[in-house]
$ cat model.csv   # CSV, C-alpha atoms and all ligand atoms
chain,number,residue,atom,x,y,z
L,1,MET,CA,13.0,19.2,-5.8
L,2,GLU,CA,11.2,19.7,-9.1
L,3,LYS,CA,13.8,22.1,-10.5
L,4,ASN,CA,16.6,19.6,-10.3
L,5,GLN,CA,14.9,16.6,-11.7
L,6,PRO,CA,15.8,15.4,-15.2
L,7,SER,CA,12.7,14.7,-17.2
L,8,ALA,CA,13.6,11.2,-18.1
L,9,GLN,CA,15.3,9.0,-15.5
L,10,PRO,CA,17.7,6.3,-16.6
L,11,VAL,CA,16.7,2.9,-15.3
L,12,ILE,CA,18.9,1.5,-12.6
L,13,ALA,CA,19.9,-2.1,-12.8
L,14,ALA,CA,18.3,-2.9,-9.5
L,15,ALA,CA,19.3,-6.5,-9.8
L,16,ALA,CA,23.0,-5.5,-9.4
L,17,ARG,CA,22.3,-5.2,-5.6
L,18,GLN,CA,19.2,-6.2,-3.8
L,19,LEU,CA,17.2,-3.1,-3.2
L,20,THR,CA,14.3,-2.7,-0.8
L,21,ILE,CA,12.3,0.5,-1.0
L,22,ALA,CA,9.5,0.9,1.5
L,23,ILE,CA,6.7,3.5,1.2
L,24,ASP,CA,4.0,4.2,3.7
L,25,GLY,CA,1.3,6.7,3.9
L,26,PRO,CA,-2.4,7.3,4.5
L,27,ALA,CA,-5.2,6.6,2.0
L,28,GLY,CA,-5.1,9.0,-1.0
L,29,SER,CA,-1.4,10.0,-0.5
L,30,GLY,CA,-0.6,8.6,-3.9
L,31,LYS,CA,1.6,5.8,-2.6
L,32,SER,CA,0.2,3.0,-4.8
L,33,THR,CA,0.6,4.8,-8.1
L,34,VAL,CA,4.0,6.2,-7.0
L,35,ALA,CA,5.3,2.8,-5.8
L,36,ARG,CA,4.1,1.1,-9.0
L,37,ARG,CA,5.9,3.6,-11.2
L,38,VAL,CA,9.1,3.7,-9.1
L,39,ALA,CA,9.2,-0.1,-9.3
L,40,GLU,CA,8.8,0.1,-13.1
L,41,LYS,CA,11.6,2.7,-13.4
L,42,LEU,CA,14.0,0.8,-11.2
L,43,GLY,CA,13.1,-2.7,-12.5
L,44,CYS,CA,11.9,-3.9,-9.1
L,45,LEU,CA,8.9,-6.0,-8.1
L,46,TYR,CA,6.0,-3.9,-6.9
L,47,LEU,CA,4.3,-5.2,-3.7
L,48,ASP,CA,0.9,-3.8,-2.8
L,49,SER,CA,0.5,-4.9,0.8
L,50,GLY,CA,-3.1,-3.6,1.1
L,51,ALA,CA,-4.0,-6.1,-1.7
L,52,MET,CA,-3.0,-9.0,0.6
L,53,TYR,CA,-5.3,-7.8,3.5
L,54,ARG,CA,-8.0,-7.4,0.9
L,55,ALA,CA,-7.5,-11.0,-0.4
L,56,VAL,CA,-7.8,-12.2,3.2
L,57,THR,CA,-11.1,-10.2,3.5
L,58,VAL,CA,-12.4,-12.0,0.4
L,59,LEU,CA,-11.6,-15.3,2.2
L,60,ALA,CA,-13.5,-14.1,5.3
L,61,ILE,CA,-16.5,-13.1,3.2
L,62,ARG,CA,-16.6,-16.3,1.2
L,63,HIS,CA,-16.3,-18.5,4.3
L,64,LYS,CA,-18.6,-16.2,6.4
L,65,LEU,CA,-16.0,-15.9,9.1
L,66,PRO,CA,-15.6,-12.8,11.3
L,67,ALA,CA,-12.3,-11.0,11.2
L,68,GLY,CA,-11.1,-12.4,14.6
L,69,SER,CA,-12.0,-16.0,13.9
L,70,PRO,CA,-9.2,-18.5,14.5
L,71,LYS,CA,-10.6,-20.4,11.5
L,72,LEU,CA,-9.8,-17.4,9.3
L,73,THR,CA,-6.2,-17.3,10.6
L,74,ALA,CA,-5.9,-21.0,9.8
L,75,LEU,CA,-7.1,-20.4,6.3
L,76,VAL,CA,-4.6,-17.5,5.9
L,77,GLN,CA,-1.8,-19.9,7.0
L,78,GLU,CA,-2.8,-22.4,4.3
L,79,CYS,CA,-3.7,-20.0,1.4
L,80,HIS,CA,-1.3,-18.7,-1.3
L,81,ILE,CA,-1.5,-15.0,-2.1
L,82,LYS,CA,0.6,-14.2,-5.1
L,83,PHE,CA,1.2,-11.3,-7.5
L,84,ALA,CA,1.5,-11.6,-11.3
L,85,ASP,CA,2.1,-9.1,-14.0
L,86,ASN,CA,4.4,-7.1,-11.7
L,87,GLY,CA,1.8,-6.6,-9.0
L,88,LYS,CA,-1.1,-5.7,-11.3
L,89,THR,CA,-2.8,-9.1,-10.8
L,90,VAL,CA,-3.6,-10.6,-7.4
L,91,LEU,CA,-3.9,-14.4,-7.1
L,92,LEU,CA,-5.6,-16.1,-4.2
L,93,ASP,CA,-4.8,-19.8,-4.5
L,94,SER,CA,-4.3,-19.3,-8.3
L,95,GLU,CA,-7.7,-17.5,-8.7
L,96,ASP,CA,-7.5,-14.0,-10.1
L,97,VAL,CA,-9.1,-11.8,-7.4
L,98,THR,CA,-7.8,-8.5,-8.7
L,99,THR,CA,-11.4,-7.2,-9.2
L,100,CYS,CA,-13.0,-8.9,-6.2
L,101,ILE,CA,-10.6,-7.3,-3.7
L,102,ARG,CA,-11.9,-3.8,-4.7
L,103,THR,CA,-15.7,-4.3,-4.1
L,104,PRO,CA,-17.6,-2.2,-1.6
L,105,ALA,CA,-18.1,-5.2,0.7
L,106,VAL,CA,-14.3,-5.7,0.9
L,107,ASN,CA,-13.7,-1.9,1.3
L,108,LYS,CA,-16.1,-2.0,4.3
L,109,GLN,CA,-14.5,-5.0,6.1
L,110,VAL,CA,-10.8,-4.8,5.3
L,111,ALA,CA,-9.9,-2.5,8.1
L,112,ASP,CA,-11.3,-5.0,10.7
L,113,VAL,CA,-9.4,-7.8,9.1
L,114,ALA,CA,-6.2,-5.8,9.0
L,115,LYS,CA,-6.3,-5.1,12.7
L,116,ILE,CA,-6.2,-8.7,13.8
L,117,PRO,CA,-2.6,-9.4,15.0
L,118,GLU,CA,-2.6,-13.1,14.1
L,119,ILE,CA,-3.5,-12.3,10.5
L,120,ARG,CA,-0.9,-9.5,10.3
L,121,LYS,CA,1.8,-11.9,11.6
L,122,GLU,CA,1.1,-14.3,8.7
L,123,ILE,CA,0.8,-11.6,6.1
L,124,VAL,CA,4.0,-9.9,7.3
L,125,LYS,CA,5.9,-13.2,7.1
L,126,HIS,CA,4.7,-13.6,3.5
L,127,GLN,CA,5.7,-10.1,2.6
L,128,GLN,CA,9.2,-10.6,4.0
L,129,ARG,CA,9.5,-13.8,2.0
L,130,ILE,CA,8.6,-11.9,-1.2
L,131,GLY,CA,11.1,-9.2,-0.2
L,132,ALA,CA,13.9,-11.7,0.2
L,133,GLU,CA,13.5,-12.9,-3.3
L,134,GLY,CA,14.7,-9.8,-5.0
L,135,SER,CA,14.6,-6.0,-5.4
L,136,ILE,CA,11.2,-4.6,-4.3
L,137,VAL,CA,9.2,-1.5,-3.9
L,138,ALA,CA,6.6,-2.2,-1.2
L,139,GLU,CA,3.9,0.1,-0.1
L,140,GLY,CA,1.3,0.2,2.7
L,141,ARG,CA,0.9,1.2,6.3
L,142,ASP,CA,3.7,-0.6,8.1
L,143,LEU,CA,6.3,-1.4,5.5
L,144,THR,CA,8.8,1.1,6.8
L,145,THR,CA,8.2,0.3,10.5
L,146,ILE,CA,7.4,-3.4,10.8
L,147,VAL,CA,7.8,-5.4,7.6
L,148,PHE,CA,11.1,-3.9,6.3
L,149,PRO,CA,12.6,-1.9,9.1
L,150,ASP,CA,16.0,-2.3,7.4
L,151,ALA,CA,14.9,-1.2,4.0
L,152,ASN,CA,17.5,0.6,2.0
L,153,PHE,CA,15.1,3.5,1.4
L,154,LYS,CA,12.0,4.6,3.4
L,155,PHE,CA,9.5,7.2,2.3
L,156,TYR,CA,6.4,8.5,4.0
L,157,LEU,CA,3.9,10.1,1.6
L,158,ASP,CA,1.3,12.5,2.9
L,159,ALA,CA,-1.1,15.1,1.6
L,160,SER,CA,-3.8,17.3,3.1
L,161,VAL,CA,-7.1,15.6,3.9
L,162,THR,CA,-8.9,17.8,1.4
L,163,GLU,CA,-6.5,17.0,-1.4
L,164,ARG,CA,-6.6,13.3,-0.7
L,165,ALA,CA,-10.4,13.5,-0.7
L,166,ARG,CA,-10.3,15.3,-4.1
L,167,ARG,CA,-8.2,12.5,-5.6
L,168,ARG,CA,-10.5,9.8,-4.2
L,169,LEU,CA,-13.5,11.7,-5.5
L,170,ALA,CA,-12.0,11.9,-9.0
L,171,GLU,CA,-11.3,8.2,-8.9
L,172,LEU,CA,-14.9,7.4,-7.8
L,173,ARG,CA,-16.4,9.7,-10.4
L,174,SER,CA,-14.4,8.0,-13.1
L,175,GLN,CA,-16.1,4.8,-11.9
L,176,ASN,CA,-19.5,6.5,-12.1
L,177,VAL,CA,-19.9,6.5,-8.3
L,178,GLN,CA,-22.1,9.4,-7.2
L,179,THR,CA,-20.8,11.0,-4.0
L,180,THR,CA,-19.7,14.4,-2.7
L,181,LEU,CA,-16.4,15.9,-1.6
L,182,ASP,CA,-17.8,16.2,2.0
L,183,GLU,CA,-18.8,12.5,2.1
L,184,VAL,CA,-15.4,11.4,0.7
L,185,GLU,CA,-13.5,13.6,3.1
L,186,ALA,CA,-15.5,12.2,6.1
L,187,GLU,CA,-14.7,8.7,4.9
L,188,ILE,CA,-11.0,9.5,4.6
L,189,ARG,CA,-10.9,11.0,8.1
L,190,MET,CA,-12.5,7.9,9.5
L,191,ARG,CA,-9.9,5.7,7.7
L,192,ASP,CA,-7.1,7.8,9.0
L,193,GLU,CA,-8.4,7.5,12.5
L,194,LYS,CA,-8.6,3.7,12.1
L,195,ASP,CA,-5.2,3.4,10.5
L,196,THR,CA,-3.4,5.5,13.1
L,197,SER,CA,-5.1,4.5,16.3
L,198,ARG,CA,-5.3,0.8,16.0
L,199,GLU,CA,-3.3,-1.2,18.6
L,200,HIS,CA,-1.2,-3.3,16.2
L,201,SER,CA,1.1,-1.8,13.6
L,202,PRO,CA,-0.6,1.6,13.4
L,203,LEU,CA,0.3,3.9,10.6
L,204,ARG,CA,3.1,6.2,11.7
L,205,GLU,CA,6.2,7.9,10.2
L,206,ALA,CA,9.3,5.8,10.7
L,207,GLU,CA,12.0,8.0,12.3
L,208,ASP,CA,14.4,7.4,9.3
L,209,ALA,CA,11.7,7.9,6.6
L,210,ILE,CA,11.9,10.7,4.1
L,211,VAL,CA,8.6,12.5,4.4
L,212,VAL,CA,7.1,13.8,1.1
L,213,ASP,CA,4.1,16.1,1.2
L,214,THR,CA,2.4,15.4,-2.1
L,215,THR,CA,-0.4,17.9,-1.7
L,216,HIS,CA,0.9,20.2,-4.5
L,217,LYS,CA,3.0,17.7,-6.4
L,218,THR,CA,2.2,15.6,-9.5
L,219,ILE,CA,2.7,11.9,-9.5
L,220,ASP,CA,5.7,12.3,-11.8
L,221,GLU,CA,7.3,14.8,-9.5
L,222,VAL,CA,7.0,12.4,-6.5
L,223,VAL,CA,8.3,9.5,-8.6
L,224,ASN,CA,11.2,11.5,-9.9
L,225,PHE,CA,12.1,12.6,-6.4
L,226,ILE,CA,12.2,9.1,-5.1
L,227,VAL,CA,14.1,7.7,-8.0
L,228,ALA,CA,16.6,10.6,-7.6
L,229,GLN,CA,17.1,9.8,-3.9
L,230,VAL,CA,17.8,6.2,-4.8
L,231,GLN,CA,20.3,7.2,-7.6
L,232,VAL,CA,22.2,9.7,-5.5
L,233,SER,CA,22.7,7.3,-2.6
L,234,ARG,CA,23.8,4.3,-4.6
R,1,LIG,O1,-4.1,0.5,0.9
R,1,LIG,P1,-5.5,-0.2,0.9
R,1,LIG,O2,-6.6,0.7,0.9
R,1,LIG,O3,-5.6,-1.2,-0.3
R,1,LIG,O4,-5.4,-1.1,2.2
R,1,LIG,C1,-6.5,-1.9,2.6
R,1,LIG,C2,-6.6,-2.0,4.1
R,1,LIG,O5,-5.5,-2.7,4.6
R,1,LIG,C3,-6.7,-0.7,4.9
R,1,LIG,O6,-7.7,-0.8,5.9
R,1,LIG,C4,-5.3,-0.5,5.5
R,1,LIG,C5,-4.9,-1.9,5.6
R,1,LIG,N1,-3.4,-2.1,5.5
R,1,LIG,C6,-2.7,-2.4,6.6
R,1,LIG,O7,-3.2,-2.5,7.7
R,1,LIG,N2,-1.3,-2.6,6.5
R,1,LIG,C7,-0.8,-2.5,5.3
R,1,LIG,N3,0.6,-2.7,5.2
R,1,LIG,C8,-1.5,-2.2,4.1
R,1,LIG,C9,-2.9,-2.0,4.2

$ encode --input "model.csv" --output "structure tokens"
Amino acid sequence: MEKNQPSAQPVIAAAARQLTIAIDGPAGSGKSTVARRVAEKLGCLYLDSGAMYRAVTVLAIRHKLPAGSPKLTALVQECHIKFADNGKTVLLDSEDVTTCIRTPAVNKQVADVAKIPEIRKEIVKHQQRIGAEGSIVAEGRDLTTIVFPDANFKFYLDASVTERARRRLAELRSQNVQTTLDEVEAEIRMRDEKDTSREHSPLREAEDAIVVDTTHKTIDEVVNFIVAQVQVSR
């Protein structure tokens, strides 16, 4: 794919026809960075669905509620999770929680929150409302299968566990977090297991998704590949 990609992609007027691009994949597959850049290139809104489960986890922590508590579901029904600055800023009831949703406490608890079906139901409805408002590039674990099953384009990004661990390690080191490749790889394997084996909306490849192995590809190569697929088919 690399050979045929022009170095600079023209921007498509996504607004001309509503466009939904859904991207799923495991932790470290590069989907967040790729989705954000594809959205920028195509002039679409970027939807980070994991950020919404993270915002709900902030609510659970603040209200000292366990993930499965009906009170938490009620709070989720009432709260407003919004994105500003094209997905870079996450707002929970107008409060900027962009930094709070990435703390170790949230990292630790978010998978338990994200597996509760009542919470997923609310968050999925919210994501679908955002998707109905205009062209969107949405990424997560169930965007191609559950949230936007009729998306115009579906991609499943993957990479070897070791490569995903290397990427995560580089990110952690840049934040001065001391850890080893083995530790990070073990954590990634655990997250994969949780994401793929949970009862509700497990991570899986949609039958009609284009699978992209990003192990030996740069972010730009993956972005250009996705943008090219969209251009060719429109
Ligand atoms: O992509 P992330 O690490 O920010 O996701 C945070 C958590 O939310 C992770 O446990 C997977 C879960 N998640 C999910 O269940 N469904 C999604 N569509 C996105 C994320």

$ closest_residue --input "model.csv" --among "L:Pro70, L:Gly131, L:Pro104, L:Gly30" --to "Ala151 of chain L" --atoms "all atoms listed in the file"
L:Gly131

$ residues_near_ligand --input "model.csv" --ligand "ligand LIG 1 (chain R)" --cutoff "6 Å" --atoms "all atoms listed in the file" --output "list in words"
Ser49, Gly50, Ala51, Tyr53, Arg54, Val110, Ala111, Ala114, Gly140, Arg141, Asp142 and Leu143 of chain L

$ closest_residue --input "model.csv" --among "L:Thr57, L:Asn86, L:Thr145, L:Ser174" --to "Asp112 of chain L" --atoms "all atoms listed in the file"
L:Thr57

$ axis_aligned_box --input "model.csv" --around "segment 140-154 of chain L" --padding-each-side "6 Å" --output "lines of an AutoDock Vina configuration file"
center_x = 9.2
center_y = -0.4
center_z = 6.1
size_x = 28.6
size_y = 22.0
size_z = 21.4

$ residues_around --input "model.csv" --residues "Lys194 of chain L" --least-positions-apart "3" --cutoff "12 Å" --atoms "all atoms listed in the file" --output "MDAnalysis selection string"
chainID L and resid 26:27 110:115 141 187:191 197:204

$ closest_residue --input "model.csv" --among "L:Ile219, L:Ile123, L:Glu207, L:Val161" --to "Glu193 of chain L" --atoms "all atoms listed in the file"
L:Val161

$ residues_around --input "model.csv" --residues "Glu185 of chain L" --least-positions-apart "3" --cutoff "12 Å" --atoms "all atoms listed in the file" --output "PyMOL selection string"
chain L and resi 27-28+160-169+179-182+188-192

$ residues_around --input "model.csv" --residues "segment 88-97 of chain L" --least-positions-apart "6" --cutoff "10 Å" --atoms "only C-alpha atoms" --output "PyMOL selection string"
chain L and resi 36+46-48+51-52+54-56+58-59+78-82

$ write_last_selection --input "model.csv" --atoms "C-alpha atoms" --output "compact mmCIF listing (two decimals), in the frame of the given file"
# COMPACT_ATOMS: atom_id res chain seq x y z
CA ARG L 36 4.10 1.10 -9.00
CA TYR L 46 6.00 -3.90 -6.90
CA LEU L 47 4.30 -5.20 -3.70
CA ASP L 48 0.90 -3.80 -2.80
CA ALA L 51 -4.00 -6.10 -1.70
CA MET L 52 -3.00 -9.00 0.60
CA ARG L 54 -8.00 -7.40 0.90
CA ALA L 55 -7.50 -11.00 -0.40
CA VAL L 56 -7.80 -12.20 3.20
CA VAL L 58 -12.40 -12.00 0.40
CA LEU L 59 -11.60 -15.30 2.20
CA GLU L 78 -2.80 -22.40 4.30
CA CYS L 79 -3.70 -20.00 1.40
CA HIS L 80 -1.30 -18.70 -1.30
CA ILE L 81 -1.50 -15.00 -2.10
CA LYS L 82 0.60 -14.20 -5.10

$ residues_around --input "model.csv" --residues "Val211 of chain L" --least-positions-apart "3" --cutoff "9 Å" --atoms "all atoms listed in the file" --output "list in words"
Lys154, Phe155, Tyr156, Leu157, Asp158 and Glu205 of chain L

$ residues_near_point --input "model.csv" --point "(-18.6, -7.1, 7.3)" --cutoff "8 Å" --atoms "only C-alpha atoms" --output "PyMOL selection string"
chain L and resi 61+66+105-106+108-109

$ closest_residue --input "model.csv" --among "L:Ile226, L:Val184, L:Ala159, L:Leu19" --to "Gly43 of chain L" --atoms "only C-alpha atoms"
L:Leu19

$ atom_distance --input "model.csv" --atom1 "atom CA of Ile130 of chain L" --atom2 "atom CA of Asn224 of chain L"
25.1 Å

$ atom_distance --input "model.csv" --atom1 "atom CA of Gln18 of chain L" --atom2 "atom CA of Ser135 of chain L"
4.9 Å

$ closest_residue --input "model.csv" --among "L:Asn176, L:Asn107, L:Gln77, L:Thr218" --to "Val124 of chain L" --atoms "only C-alpha atoms"
L:Gln77

$ atom_distance --input "model.csv" --atom1 "atom CA of Ile136 of chain L" --atom2 "atom CA of Ile21 of chain L"
6.2 Å

$ closest_residue --input "model.csv" --among "L:Gln127, L:Phe225, L:Asp150, L:Glu133" --to "Asp208 of chain L" --atoms "all atoms listed in the file"
L:Asp150

$ build_atoms --input "model.csv" --residues "segment 122-144 of chain L" --atoms "N, CA and C atoms" --output "PDB file, in the coordinates of the input"
ATOM      1  N   GLU L 122       0.934 -13.421   9.883  1.00  0.00           N
ATOM      2  CA  GLU L 122       1.100 -14.300   8.700  1.00  0.00           C
ATOM      3  C   GLU L 122       1.380 -13.483   7.451  1.00  0.00           C
ATOM      4  N   ILE L 123       0.662 -12.380   7.291  1.00  0.00           N
ATOM      5  CA  ILE L 123       0.800 -11.600   6.100  1.00  0.00           C
ATOM      6  C   ILE L 123       2.237 -10.928   6.055  1.00  0.00           C
ATOM      7  N   VAL L 124       2.690 -10.481   7.219  1.00  0.00           N
ATOM      8  CA  VAL L 124       4.000  -9.900   7.300  1.00  0.00           C
ATOM      9  C   VAL L 124       5.104 -10.902   6.901  1.00  0.00           C
ATOM     10  N   LYS L 125       4.958 -12.125   7.419  1.00  0.00           N
ATOM     11  CA  LYS L 125       5.900 -13.200   7.100  1.00  0.00           C
ATOM     12  C   LYS L 125       5.969 -13.382   5.569  1.00  0.00           C
ATOM     13  N   HIS L 126       4.779 -13.409   4.980  1.00  0.00           N
ATOM     14  CA  HIS L 126       4.700 -13.600   3.500  1.00  0.00           C
ATOM     15  C   HIS L 126       5.318 -12.464   2.776  1.00  0.00           C
ATOM     16  N   GLN L 127       5.083 -11.238   3.247  1.00  0.00           N
ATOM     17  CA  GLN L 127       5.700 -10.100   2.600  1.00  0.00           C
ATOM     18  C   GLN L 127       7.204 -10.125   2.688  1.00  0.00           C
ATOM     19  N   GLN L 128       7.697 -10.550   3.843  1.00  0.00           N
ATOM     20  CA  GLN L 128       9.200 -10.600   4.000  1.00  0.00           C
ATOM     21  C   GLN L 128       9.766 -11.689   3.117  1.00  0.00           C
ATOM     22  N   ARG L 129       9.016 -12.768   2.920  1.00  0.00           N
ATOM     23  CA  ARG L 129       9.500 -13.800   2.000  1.00  0.00           C
ATOM     24  C   ARG L 129       9.604 -13.255   0.584  1.00  0.00           C
ATOM     25  N   ILE L 130       8.576 -12.522   0.166  1.00  0.00           N
ATOM     26  CA  ILE L 130       8.600 -11.900  -1.200  1.00  0.00           C
ATOM     27  C   ILE L 130       9.772 -10.953  -1.280  1.00  0.00           C
ATOM     28  N   GLY L 131       9.989 -10.169  -0.222  1.00  0.00           N
ATOM     29  CA  GLY L 131      11.100  -9.200  -0.200  1.00  0.00           C
ATOM     30  C   GLY L 131      12.450  -9.825  -0.292  1.00  0.00           C
ATOM     31  N   ALA L 132      12.559 -11.045   0.238  1.00  0.00           N
ATOM     32  CA  ALA L 132      13.900 -11.700   0.200  1.00  0.00           C
ATOM     33  C   ALA L 132      14.227 -12.264  -1.132  1.00  0.00           C
ATOM     34  N   GLU L 133      13.221 -12.335  -2.002  1.00  0.00           N
ATOM     35  CA  GLU L 133      13.500 -12.900  -3.300  1.00  0.00           C
ATOM     36  C   GLU L 133      14.158 -12.013  -4.306  1.00  0.00           C
ATOM     37  N   GLY L 134      14.100 -10.708  -4.073  1.00  0.00           N
ATOM     38  CA  GLY L 134      14.700  -9.800  -5.000  1.00  0.00           C
ATOM     39  C   GLY L 134      14.404  -8.349  -4.700  1.00  0.00           C
ATOM     40  N   SER L 135      14.807  -7.455  -5.593  1.00  0.00           N
ATOM     41  CA  SER L 135      14.600  -6.000  -5.400  1.00  0.00           C
ATOM     42  C   SER L 135      13.090  -5.707  -5.403  1.00  0.00           C
ATOM     43  N   ILE L 136      12.671  -4.807  -4.524  1.00  0.00           N
ATOM     44  CA  ILE L 136      11.200  -4.600  -4.300  1.00  0.00           C
ATOM     45  C   ILE L 136      10.907  -3.171  -3.965  1.00  0.00           C
ATOM     46  N   VAL L 137       9.748  -2.723  -4.423  1.00  0.00           N
ATOM     47  CA  VAL L 137       9.200  -1.500  -3.900  1.00  0.00           C
ATOM     48  C   VAL L 137       7.864  -1.882  -3.261  1.00  0.00           C
ATOM     49  N   ALA L 138       7.779  -1.719  -1.956  1.00  0.00           N
ATOM     50  CA  ALA L 138       6.600  -2.200  -1.200  1.00  0.00           C
ATOM     51  C   ALA L 138       5.917  -1.022  -0.552  1.00  0.00           C
ATOM     52  N   GLU L 139       4.584  -1.007  -0.658  1.00  0.00           N
ATOM     53  CA  GLU L 139       3.900   0.100  -0.100  1.00  0.00           C
ATOM     54  C   GLU L 139       2.698  -0.336   0.818  1.00  0.00           C
ATOM     55  N   GLY L 140       2.376   0.491   1.819  1.00  0.00           N
ATOM     56  CA  GLY L 140       1.300   0.200   2.700  1.00  0.00           C
ATOM     57  C   GLY L 140       1.224   1.085   3.902  1.00  0.00           C
ATOM     58  N   ARG L 141       1.006   0.453   5.084  1.00  0.00           N
ATOM     59  CA  ARG L 141       0.900   1.200   6.300  1.00  0.00           C
ATOM     60  C   ARG L 141       2.036   0.937   7.286  1.00  0.00           C
ATOM     61  N   ASP L 142       2.634  -0.254   7.171  1.00  0.00           N
ATOM     62  CA  ASP L 142       3.700  -0.600   8.100  1.00  0.00           C
ATOM     63  C   ASP L 142       4.919  -1.198   7.478  1.00  0.00           C
ATOM     64  N   LEU L 143       5.130  -0.827   6.223  1.00  0.00           N
ATOM     65  CA  LEU L 143       6.300  -1.400   5.500  1.00  0.00           C
ATOM     66  C   LEU L 143       7.587  -0.810   5.980  1.00  0.00           C
ATOM     67  N   THR L 144       7.582   0.489   6.340  1.00  0.00           N
ATOM     68  CA  THR L 144       8.800   1.100   6.800  1.00  0.00           C
ATOM     69  C   THR L 144       9.095   0.826   8.272  1.00  0.00           C
TER      70      THR L 144
END
